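Read through the structure below, which is laid out as structure tokens, and then see the notes.
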Amino acid sequence: MKQPGLFDIQISDISSTMLLTLYTHAIESQSKNPIINDPKAVEITSALNHQMVNSPDRMYRELGNGKLDKKLVVFIALRAQKYDDYSSEFLKQSPTGTIVNLGCGLDTRFWRIDNGKTQFYDLDLPEVISIKKNLCNETDRYHMIASSVLDYKWMEDLKKQGTGPFLFLAEGLFMYLEKNAVKNLVIKLQSEFPGSELACEVVNESVVSGQLKGALKIKMQKRHHLGQGAAFISGLTNGHEIESWSPGIRLLDEWSHFDTNEKKLGWVRLYGKIPAMRRVQWTVHYKLGQARDVNTVKS
Ligand SMILES: C[S@@+](CC[C@H](N)C(=O)[O-])C[C@H]1O[C@@H](n2cnc3c(N)ncnc32)[C@H](O)[C@@H]1O
């Protein structure tokens, strides 16, 4: 648990990773040739900075002082831009569609992609939403849902409010949840919102069970000063695995950071030449079509 309070609210090690992504968006936005333009993230980090630099927590202090791994900034900015693209593409097809940002953290996607018509929902744990409500205002089209994504009541409430079509985004979330929980969640999304789309970031199973597990833990905890609880616990063998969870789920496309050939990645781009490296941590995009049988899920 990260003790020191942002607004005196205690958040878990997993939730504290949202500060890392928020600061990367702000830092990248202010860089030369930015990958992402996120003035709202700059505004929020300015509001938080006093607390961050004076925090007893090392990660918070380093973020507040702008000390962030340059490659990590590029990776996270590219990812955010890709999810913005998914959102904009979806809104081109369905300008009044509903976008639900699962495990939103302090991300400010609504302000980056708003077309003036969409209904946008940011969902995260209640303590995170309490913090976010101090920093962002809800409107008639921007809403916050304070709930675990795994507490399905939010879906009932959403169905009462929105007519869809729906796009669900899960950027930096599924790898922190138990695999069976992710599987049940995806199947539940399909049954409650048939015809919707889901774009979600996943990691390879080898990252959570194999040799890469130790290396990743060292990187996250020693290099980025994340707490012990911020560990990846579930992954996929490949992007088609989710299709096998229920009839009607169809893989639309997959995306890796290396698909961009972004110059700011520098020598790291060489890793992209190794096919396996493109599927260590990547994004999968599905159509959650009508299922024949969605009620029984076995692990
Ligand atoms: C790595 S952060 C990503 C935040 C945001 N998507 C971004 O890219 O900036 C992970 C987020 O998942 C949220 N989270 C973790 N478990 C959750 C759950 N069961 N329900 C909803 N959100 C959850 C955390 O609170 C945190 O905000």
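Identifiers in the structure tokens: chain A, B, ... in order shown; residue index from 1 per chain; ligand index from 1 in order shown.
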- Expected selection as an MDAnalysis selection string for ligand 1 within 10 Å, only C-alpha atoms and all ligand atoms: chainID A and resid 11:25 76:77 79:80 83 101:109 122:129 145:151 169:178 181:182 200:201 230
- Task: Taking the DSSP assignment computed from this structure's backbone, write out as a PyMOL selection string all residues of range 17-196 of chain A that belong to helix (DSSP H, G or I).
- Result: chain A and resi 17-29+39-53+58-64+70-93+109-113+126-133+153-161+174-176+179-192
- Quick one: everything within 10 Å of range 265-275 of chain A, counting only C-alpha atoms, minus sequence neighbours fewer than 2 positions away in the same chain. Send it as a PyMOL selection string. chain A and resi 70-75+78+256-263+277-280
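A straight line drawn from CA of Arg58 in chain A to CA of Leu226 in chain A is 9.0 Å long.
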For Gly195 in chain A, work out the shell of residues within 12 Å, counting only C-alpha atoms and skipping chain neighbours fewer than 3 positions away, then give it as a PDB file with all heavy atoms, in the first residue's frame.
ATOM      1  N   THR A 163     -27.035   3.943 -24.468  1.00  0.00           N
ATOM      2  CA  THR A 163     -27.631   3.061 -25.466  1.00  0.00           C
ATOM      3  C   THR A 163     -26.574   2.424 -26.372  1.00  0.00           C
ATOM      4  O   THR A 163     -26.880   1.513 -27.120  1.00  0.00           O
ATOM      5  CB  THR A 163     -28.602   3.860 -26.369  1.00  0.00           C
ATOM      6  OG1 THR A 163     -27.901   4.999 -26.850  1.00  0.00           O
ATOM      7  CG2 THR A 163     -29.840   4.279 -25.621  1.00  0.00           C
ATOM      8  N   GLY A 164     -25.362   2.912 -26.302  1.00  0.00           N
ATOM      9  CA  GLY A 164     -24.314   2.361 -27.153  1.00  0.00           C
ATOM     10  C   GLY A 164     -24.359   2.929 -28.562  1.00  0.00           C
ATOM     11  O   GLY A 164     -25.112   3.859 -28.805  1.00  0.00           O
ATOM     12  N   PRO A 165     -23.610   2.363 -29.533  1.00  0.00           N
ATOM     13  CA  PRO A 165     -22.685   1.251 -29.324  1.00  0.00           C
ATOM     14  C   PRO A 165     -21.569   1.584 -28.328  1.00  0.00           C
ATOM     15  O   PRO A 165     -21.317   2.765 -28.047  1.00  0.00           O
ATOM     16  CB  PRO A 165     -22.120   0.997 -30.726  1.00  0.00           C
ATOM     17  CG  PRO A 165     -22.380   2.235 -31.506  1.00  0.00           C
ATOM     18  CD  PRO A 165     -23.570   2.893 -30.910  1.00  0.00           C
ATOM     19  N   PHE A 166     -20.931   0.528 -27.843  1.00  0.00           N
ATOM     20  CA  PHE A 166     -19.951   0.687 -26.770  1.00  0.00           C
ATOM     21  C   PHE A 166     -18.552   0.264 -27.203  1.00  0.00           C
ATOM     22  O   PHE A 166     -18.388  -0.761 -27.881  1.00  0.00           O
ATOM     23  CB  PHE A 166     -20.334  -0.195 -25.573  1.00  0.00           C
ATOM     24  CG  PHE A 166     -21.601   0.232 -24.884  1.00  0.00           C
ATOM     25  CD1 PHE A 166     -22.828  -0.282 -25.290  1.00  0.00           C
ATOM     26  CD2 PHE A 166     -21.573   1.144 -23.833  1.00  0.00           C
ATOM     27  CE1 PHE A 166     -24.011   0.110 -24.659  1.00  0.00           C
ATOM     28  CE2 PHE A 166     -22.750   1.535 -23.206  1.00  0.00           C
ATOM     29  CZ  PHE A 166     -23.972   1.020 -23.616  1.00  0.00           C
ATOM     30  N   LEU A 167     -17.590   1.050 -26.779  1.00  0.00           N
ATOM     31  CA  LEU A 167     -16.178   0.657 -26.907  1.00  0.00           C
ATOM     32  C   LEU A 167     -15.606   0.597 -25.493  1.00  0.00           C
ATOM     33  O   LEU A 167     -15.681   1.585 -24.748  1.00  0.00           O
ATOM     34  CB  LEU A 167     -15.389   1.696 -27.726  1.00  0.00           C
ATOM     35  CG  LEU A 167     -13.863   1.535 -27.698  1.00  0.00           C
ATOM     36  CD1 LEU A 167     -13.407   0.247 -28.389  1.00  0.00           C
ATOM     37  CD2 LEU A 167     -13.162   2.741 -28.353  1.00  0.00           C
ATOM     38  N   PHE A 168     -15.055  -0.563 -25.121  1.00  0.00           N
ATOM     39  CA  PHE A 168     -14.404  -0.700 -23.818  1.00  0.00           C
ATOM     40  C   PHE A 168     -12.895  -0.684 -24.017  1.00  0.00           C
ATOM     41  O   PHE A 168     -12.381  -1.385 -24.904  1.00  0.00           O
ATOM     42  CB  PHE A 168     -14.836  -2.017 -23.136  1.00  0.00           C
ATOM     43  CG  PHE A 168     -16.304  -2.050 -22.832  1.00  0.00           C
ATOM     44  CD1 PHE A 168     -17.197  -2.653 -23.702  1.00  0.00           C
ATOM     45  CD2 PHE A 168     -16.793  -1.433 -21.685  1.00  0.00           C
ATOM     46  CE1 PHE A 168     -18.560  -2.654 -23.433  1.00  0.00           C
ATOM     47  CE2 PHE A 168     -18.156  -1.425 -21.407  1.00  0.00           C
ATOM     48  CZ  PHE A 168     -19.042  -2.039 -22.288  1.00  0.00           C
ATOM     49  N   LEU A 189     -18.933  -8.868 -20.401  1.00  0.00           N
ATOM     50  CA  LEU A 189     -19.060  -7.702 -21.299  1.00  0.00           C
ATOM     51  C   LEU A 189     -19.759  -8.121 -22.581  1.00  0.00           C
ATOM     52  O   LEU A 189     -20.636  -7.420 -23.099  1.00  0.00           O
ATOM     53  CB  LEU A 189     -17.683  -7.116 -21.633  1.00  0.00           C
ATOM     54  CG  LEU A 189     -16.972  -6.312 -20.548  1.00  0.00           C
ATOM     55  CD1 LEU A 189     -15.562  -5.939 -20.987  1.00  0.00           C
ATOM     56  CD2 LEU A 189     -17.763  -5.052 -20.185  1.00  0.00           C
ATOM     57  N   GLN A 190     -19.368  -9.280 -23.087  1.00  0.00           N
ATOM     58  CA  GLN A 190     -19.972  -9.764 -24.335  1.00  0.00           C
ATOM     59  C   GLN A 190     -21.471 -10.006 -24.141  1.00  0.00           C
ATOM     60  O   GLN A 190     -22.276  -9.638 -25.004  1.00  0.00           O
ATOM     61  CB  GLN A 190     -19.290 -11.063 -24.766  1.00  0.00           C
ATOM     62  CG  GLN A 190     -19.852 -11.616 -26.064  1.00  0.00           C
ATOM     63  CD  GLN A 190     -19.467 -13.071 -26.291  1.00  0.00           C
ATOM     64  OE1 GLN A 190     -19.112 -13.789 -25.353  1.00  0.00           O
ATOM     65  NE2 GLN A 190     -19.533 -13.497 -27.537  1.00  0.00           N
ATOM     66  N   SER A 191     -21.853 -10.603 -23.000  1.00  0.00           N
ATOM     67  CA  SER A 191     -23.277 -10.934 -22.822  1.00  0.00           C
ATOM     68  C   SER A 191     -24.114  -9.693 -22.531  1.00  0.00           C
ATOM     69  O   SER A 191     -25.254  -9.588 -22.967  1.00  0.00           O
ATOM     70  CB  SER A 191     -23.465 -11.993 -21.729  1.00  0.00           C
ATOM     71  OG  SER A 191     -23.134 -11.458 -20.488  1.00  0.00           O
ATOM     72  N   GLU A 192     -23.526  -8.732 -21.808  1.00  0.00           N
ATOM     73  CA  GLU A 192     -24.292  -7.519 -21.466  1.00  0.00           C
ATOM     74  C   GLU A 192     -24.298  -6.489 -22.586  1.00  0.00           C
ATOM     75  O   GLU A 192     -25.229  -5.710 -22.712  1.00  0.00           O
ATOM     76  CB  GLU A 192     -23.709  -6.876 -20.188  1.00  0.00           C
ATOM     77  CG  GLU A 192     -23.830  -7.736 -18.938  1.00  0.00           C
ATOM     78  CD  GLU A 192     -25.270  -7.989 -18.525  1.00  0.00           C
ATOM     79  OE1 GLU A 192     -26.115  -7.094 -18.713  1.00  0.00           O
ATOM     80  OE2 GLU A 192     -25.565  -9.097 -18.036  1.00  0.00           O
ATOM     81  N   LEU A 198     -13.782  -4.247 -27.697  1.00  0.00           N
ATOM     82  CA  LEU A 198     -12.880  -4.201 -26.539  1.00  0.00           C
ATOM     83  C   LEU A 198     -11.449  -4.089 -27.038  1.00  0.00           C
ATOM     84  O   LEU A 198     -11.017  -4.918 -27.854  1.00  0.00           O
ATOM     85  CB  LEU A 198     -13.033  -5.499 -25.713  1.00  0.00           C
ATOM     86  CG  LEU A 198     -11.965  -5.763 -24.647  1.00  0.00           C
ATOM     87  CD1 LEU A 198     -12.092  -4.763 -23.482  1.00  0.00           C
ATOM     88  CD2 LEU A 198     -12.076  -7.197 -24.105  1.00  0.00           C
ATOM     89  N   GLY A 248     -18.358 -16.075 -30.758  1.00  0.00           N
ATOM     90  CA  GLY A 248     -18.824 -14.706 -31.032  1.00  0.00           C
ATOM     91  C   GLY A 248     -17.750 -13.656 -30.796  1.00  0.00           C
ATOM     92  O   GLY A 248     -17.860 -12.533 -31.267  1.00  0.00           O
ATOM     93  N   ILE A 249     -16.695 -14.020 -30.061  1.00  0.00           N
ATOM     94  CA  ILE A 249     -15.605 -13.044 -29.847  1.00  0.00           C
ATOM     95  C   ILE A 249     -14.629 -13.179 -31.022  1.00  0.00           C
ATOM     96  O   ILE A 249     -14.181 -14.275 -31.344  1.00  0.00           O
ATOM     97  CB  ILE A 249     -14.860 -13.294 -28.517  1.00  0.00           C
ATOM     98  CG1 ILE A 249     -15.826 -13.182 -27.333  1.00  0.00           C
ATOM     99  CG2 ILE A 249     -13.705 -12.314 -28.369  1.00  0.00           C
ATOM    100  CD1 ILE A 249     -15.181 -13.384 -25.975  1.00  0.00           C
ATOM    101  N   ARG A 250     -14.345 -12.031 -31.650  1.00  0.00           N
ATOM    102  CA  ARG A 250     -13.499 -12.067 -32.860  1.00  0.00           C
ATOM    103  C   ARG A 250     -12.360 -11.062 -32.735  1.00  0.00           C
ATOM    104  O   ARG A 250     -12.588  -9.884 -32.415  1.00  0.00           O
ATOM    105  CB  ARG A 250     -14.364 -11.730 -34.079  1.00  0.00           C
ATOM    106  CG  ARG A 250     -13.645 -11.864 -35.414  1.00  0.00           C
ATOM    107  CD  ARG A 250     -14.641 -11.956 -36.556  1.00  0.00           C
ATOM    108  NE  ARG A 250     -15.612 -10.859 -36.552  1.00  0.00           N
ATOM    109  CZ  ARG A 250     -15.429  -9.691 -37.170  1.00  0.00           C
ATOM    110  NH1 ARG A 250     -14.330  -9.460 -37.839  1.00  0.00           N
ATOM    111  NH2 ARG A 250     -16.369  -8.761 -37.130  1.00  0.00           N
ATOM    112  N   TYR A 286     -10.938  -6.577 -30.007  1.00  0.00           N
ATOM    113  CA  TYR A 286     -11.947  -7.590 -30.349  1.00  0.00           C
ATOM    114  C   TYR A 286     -13.312  -6.977 -30.627  1.00  0.00           C
ATOM    115  O   TYR A 286     -13.668  -5.928 -30.080  1.00  0.00           O
ATOM    116  CB  TYR A 286     -12.153  -8.572 -29.172  1.00  0.00           C
ATOM    117  CG  TYR A 286     -10.905  -9.298 -28.772  1.00  0.00           C
ATOM    118  CD1 TYR A 286     -10.104  -8.793 -27.742  1.00  0.00           C
ATOM    119  CD2 TYR A 286     -10.511 -10.455 -29.422  1.00  0.00           C
ATOM    120  CE1 TYR A 286      -8.937  -9.439 -27.374  1.00  0.00           C
ATOM    121  CE2 TYR A 286      -9.343 -11.114 -29.061  1.00  0.00           C
ATOM    122  CZ  TYR A 286      -8.566 -10.598 -28.043  1.00  0.00           C
ATOM    123  OH  TYR A 286      -7.407 -11.234 -27.691  1.00  0.00           O
ATOM    124  N   LYS A 287     -14.066  -7.707 -31.414  1.00  0.00           N
ATOM    125  CA  LYS A 287     -15.505  -7.481 -31.523  1.00  0.00           C
ATOM    126  C   LYS A 287     -16.146  -8.513 -30.610  1.00  0.00           C
ATOM    127  O   LYS A 287     -15.846  -9.714 -30.718  1.00  0.00           O
ATOM    128  CB  LYS A 287     -15.945  -7.723 -32.980  1.00  0.00           C
ATOM    129  CG  LYS A 287     -17.413  -7.460 -33.201  1.00  0.00           C
ATOM    130  CD  LYS A 287     -17.611  -6.006 -33.505  1.00  0.00           C
ATOM    131  CE  LYS A 287     -19.060  -5.702 -33.871  1.00  0.00           C
ATOM    132  NZ  LYS A 287     -19.292  -4.256 -33.972  1.00  0.00           N
ATOM    133  N   LEU A 288     -17.002  -8.048 -29.691  1.00  0.00           N
ATOM    134  CA  LEU A 288     -17.671  -8.981 -28.789  1.00  0.00           C
ATOM    135  C   LEU A 288     -19.058  -9.250 -29.370  1.00  0.00           C
ATOM    136  O   LEU A 288     -20.052  -8.625 -29.001  1.00  0.00           O
ATOM    137  CB  LEU A 288     -17.760  -8.397 -27.369  1.00  0.00           C
ATOM    138  CG  LEU A 288     -16.418  -7.971 -26.731  1.00  0.00           C
ATOM    139  CD1 LEU A 288     -16.637  -7.433 -25.324  1.00  0.00           C
ATOM    140  CD2 LEU A 288     -15.431  -9.136 -26.694  1.00  0.00           C
ATOM    141  N   GLY A 289     -19.093 -10.142 -30.359  1.00  0.00           N
ATOM    142  CA  GLY A 289     -20.349 -10.445 -31.049  1.00  0.00           C
ATOM    143  C   GLY A 289     -21.264 -11.299 -30.196  1.00  0.00           C
ATOM    144  O   GLY A 289     -20.887 -11.788 -29.138  1.00  0.00           O
ATOM    145  N   GLN A 290     -22.487 -11.435 -30.697  1.00  0.00           N
ATOM    146  CA  GLN A 290     -23.506 -12.233 -30.000  1.00  0.00           C
ATOM    147  C   GLN A 290     -22.962 -13.634 -29.682  1.00  0.00           C
ATOM    148  O   GLN A 290     -22.421 -14.297 -30.563  1.00  0.00           O
ATOM    149  CB  GLN A 290     -24.721 -12.368 -30.926  1.00  0.00           C
ATOM    150  CG  GLN A 290     -25.993 -12.738 -30.235  1.00  0.00           C
ATOM    151  CD  GLN A 290     -26.707 -11.508 -29.682  1.00  0.00           C
ATOM    152  OE1 GLN A 290     -26.751 -10.480 -30.347  1.00  0.00           O
ATOM    153  NE2 GLN A 290     -27.219 -11.618 -28.484  1.00  0.00           N
ATOM    154  N   ALA A 291     -23.125 -14.054 -28.446  1.00  0.00           N
ATOM    155  CA  ALA A 291     -22.664 -15.398 -28.082  1.00  0.00           C
ATOM    156  C   ALA A 291     -23.840 -16.353 -28.026  1.00  0.00           C
ATOM    157  O   ALA A 291     -24.972 -15.946 -27.824  1.00  0.00           O
ATOM    158  CB  ALA A 291     -21.993 -15.353 -26.725  1.00  0.00           C
TER     159      ALA A 291
END
- Message: From a backbone DSSP assignment, name each residue in range 3-241 of chain A labelled strand (DSSP E), as an NGL selection string.
- Response: :A and (3-6 or 9-11 or 98-102 or 119-124 or 142-146 or 166-170 or 196-203)
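The closest residue to Leu251 in chain A, picked from A:Glu197, A:Ala276, A:Lys264, A:Asn115 and counting only C-alpha atoms, is A:Glu197.
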- Query: Of the candidates A:Phe110, A:Thr237, A:Asp8, A:Trp282, which shows the shortest atom-to-atom distance to Ser55 in chain A, using only C-alpha atoms?
  - Reply: A:Asp8
- Provide the CA of Ser29 in chain A to CA of His285 in chain A distance in Å, to one decimal place.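 Rounded to one decimal, the two atoms are 25.8 Å apart.
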- Query: At what distance in Å, to one decimal, does CA of Val186 in chain A lie from CA of Asp38 in chain A?
  - Reply: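 CA of Asp38 in chain A sits 29.5 Å away from CA of Val186 in chain A.
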- Query: Which is closer to Ala26 in chain A than all the others in A:Val53, A:Leu63, A:Ile99, A:Leu91, using only C-alpha atoms?
  - Reply: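 Using only C-alpha atoms, the shortest distance to Ala26 in chain A belongs to A:Leu63.
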- Hey, which of A:Phe90, A:Gln281, A:Lys188, A:Val42 ends up closest to Glu156 in chain A? Count only C-alpha atoms.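 Looking only at the distances to Glu156 in chain A, the closest residue turns out to be A:Lys188.
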